[in-house]
Amino acid sequence: MSTQSSASKELVFYGRDGIEAEEFIRSVLKAAKAAGRLRDDRWILDEVYVAFAGDALRWYIELDAETRNDWLRLQRAVMQQYPPPSRRSWSGSDHSATRPLIIPIPAAAAPSLSSFPLMGASKKYFYIRAMRQDAAKTLYVGTKDEDVVLVTSRDDAIMVRHDRQSKELRLIHTNGHQDQGEKLEIRRDRAMLFQFGASGPQVKAAQLQLLDAEGKPKGARPILSGDSLTSWNMTDENSLQAIPQDGSKYSIKLYLGPLDDDEGYPLINAYMGNPTDRSASSLHFLTLKLEEI
């Protein structure tokens with residue numbers, strides 16, 4: 001009767017970083033090869049799904065069925081969710097993720113996925129950097145009186161995580177890194193206009209604001225009714241783009257009003273019309289990027 005080595009540990013994938021993701025995929029492939037199942041995707045998928053834990057498990061459960069049931073799609077999804085580090089180091093570091101994985105293989109039995117070392121867990125959090133397109137100045141997204149505003153210092157910036165499945169930007173509280181269900185939204189009131197100055201442009205009202213865990217707008221000056229947009233695309237360069245829900249041919253552009261002062265905690269508005277309209281010519285448009293913490 002064959003027994004498994006008592007030194008072997010269960011493989012658990014928490015989604016720490018890109019290096020752990022690469023080691024996870026490599027470990028799965030080596031186990032499948034050793035078991036003679038390298039081309040048996042169904043066997044691999046049946047073994048893999050029990051390896052996800054923590055935030056990685058929550059992410060895996062939210063994947064669509066087509067991805068969960070296709071080994072090639074799942075590998076790509078893991079690599080996309082946990083991108084590679086900007087630098088790699090294979091020596092001179094005590095970080096276990098920088099060393100090649102040593103895989104214990106029982107002498108008398110083909111290895112299963114439970115034969116590999118335990119892997120650690122962490123999360124990815126970001127600040128949101130805001131750059132004015134008409135000025136060489138870097139700002140950040142923060143809050144004041146629970147309104148979403150621009151701030152000049154990263155010390156005052158909010159912390160978020162981007163859920164790749166729901167595409168929501170979830171607020172993370174610095175005290176204990178807690179997700180309390182709050183998220184960023186763009187709220188558009190089709191019946192209201194913003195007026196910038198006595199003779200300034202009129203623009204349909206829409207702004208960036210916070211929703212609480214029950215989906216209610218927060219802040220001292222929120223838009224309370226209208227369309228709520230909570231989905232964001234993130235590019236490979238970590239740029240953010242809000243996703244319209246009405247099939248609009250125009251992208252959503254965030255901006256400051258023509259009279260807004262960067263130093264005065266200005267609200268962040270959203271423009272959803274034709275960017276070539278005259279009303280848009282005096283607006284200070286913003287580009288948002290996630291800055292990993």
# chains A, B, ... in the order shown; residues from 1 in each chain; ligands from 1
>>> residues_around(residues="stretch 69-83 of chain A", least_positions_apart="2", cutoff="6 Å", atoms="only C-alpha atoms", output="JSON, numbers by chain")
{"A": [17, 18, 41, 65, 66, 67]}
>>> residues_around(residues="stretch 280-293 of chain A", least_positions_apart="3", cutoff="10 Å", atoms="only C-alpha atoms", output="number ranges by chain")
A: 124-135, 138-141, 159-162, 196, 200-203, 234-235, 237-242, 253-260, 268-271, 273-277
>>> atom_distance(atom1="atom CA of A:Gly15", atom2="atom CA of A:Arg58")
10.5 Å
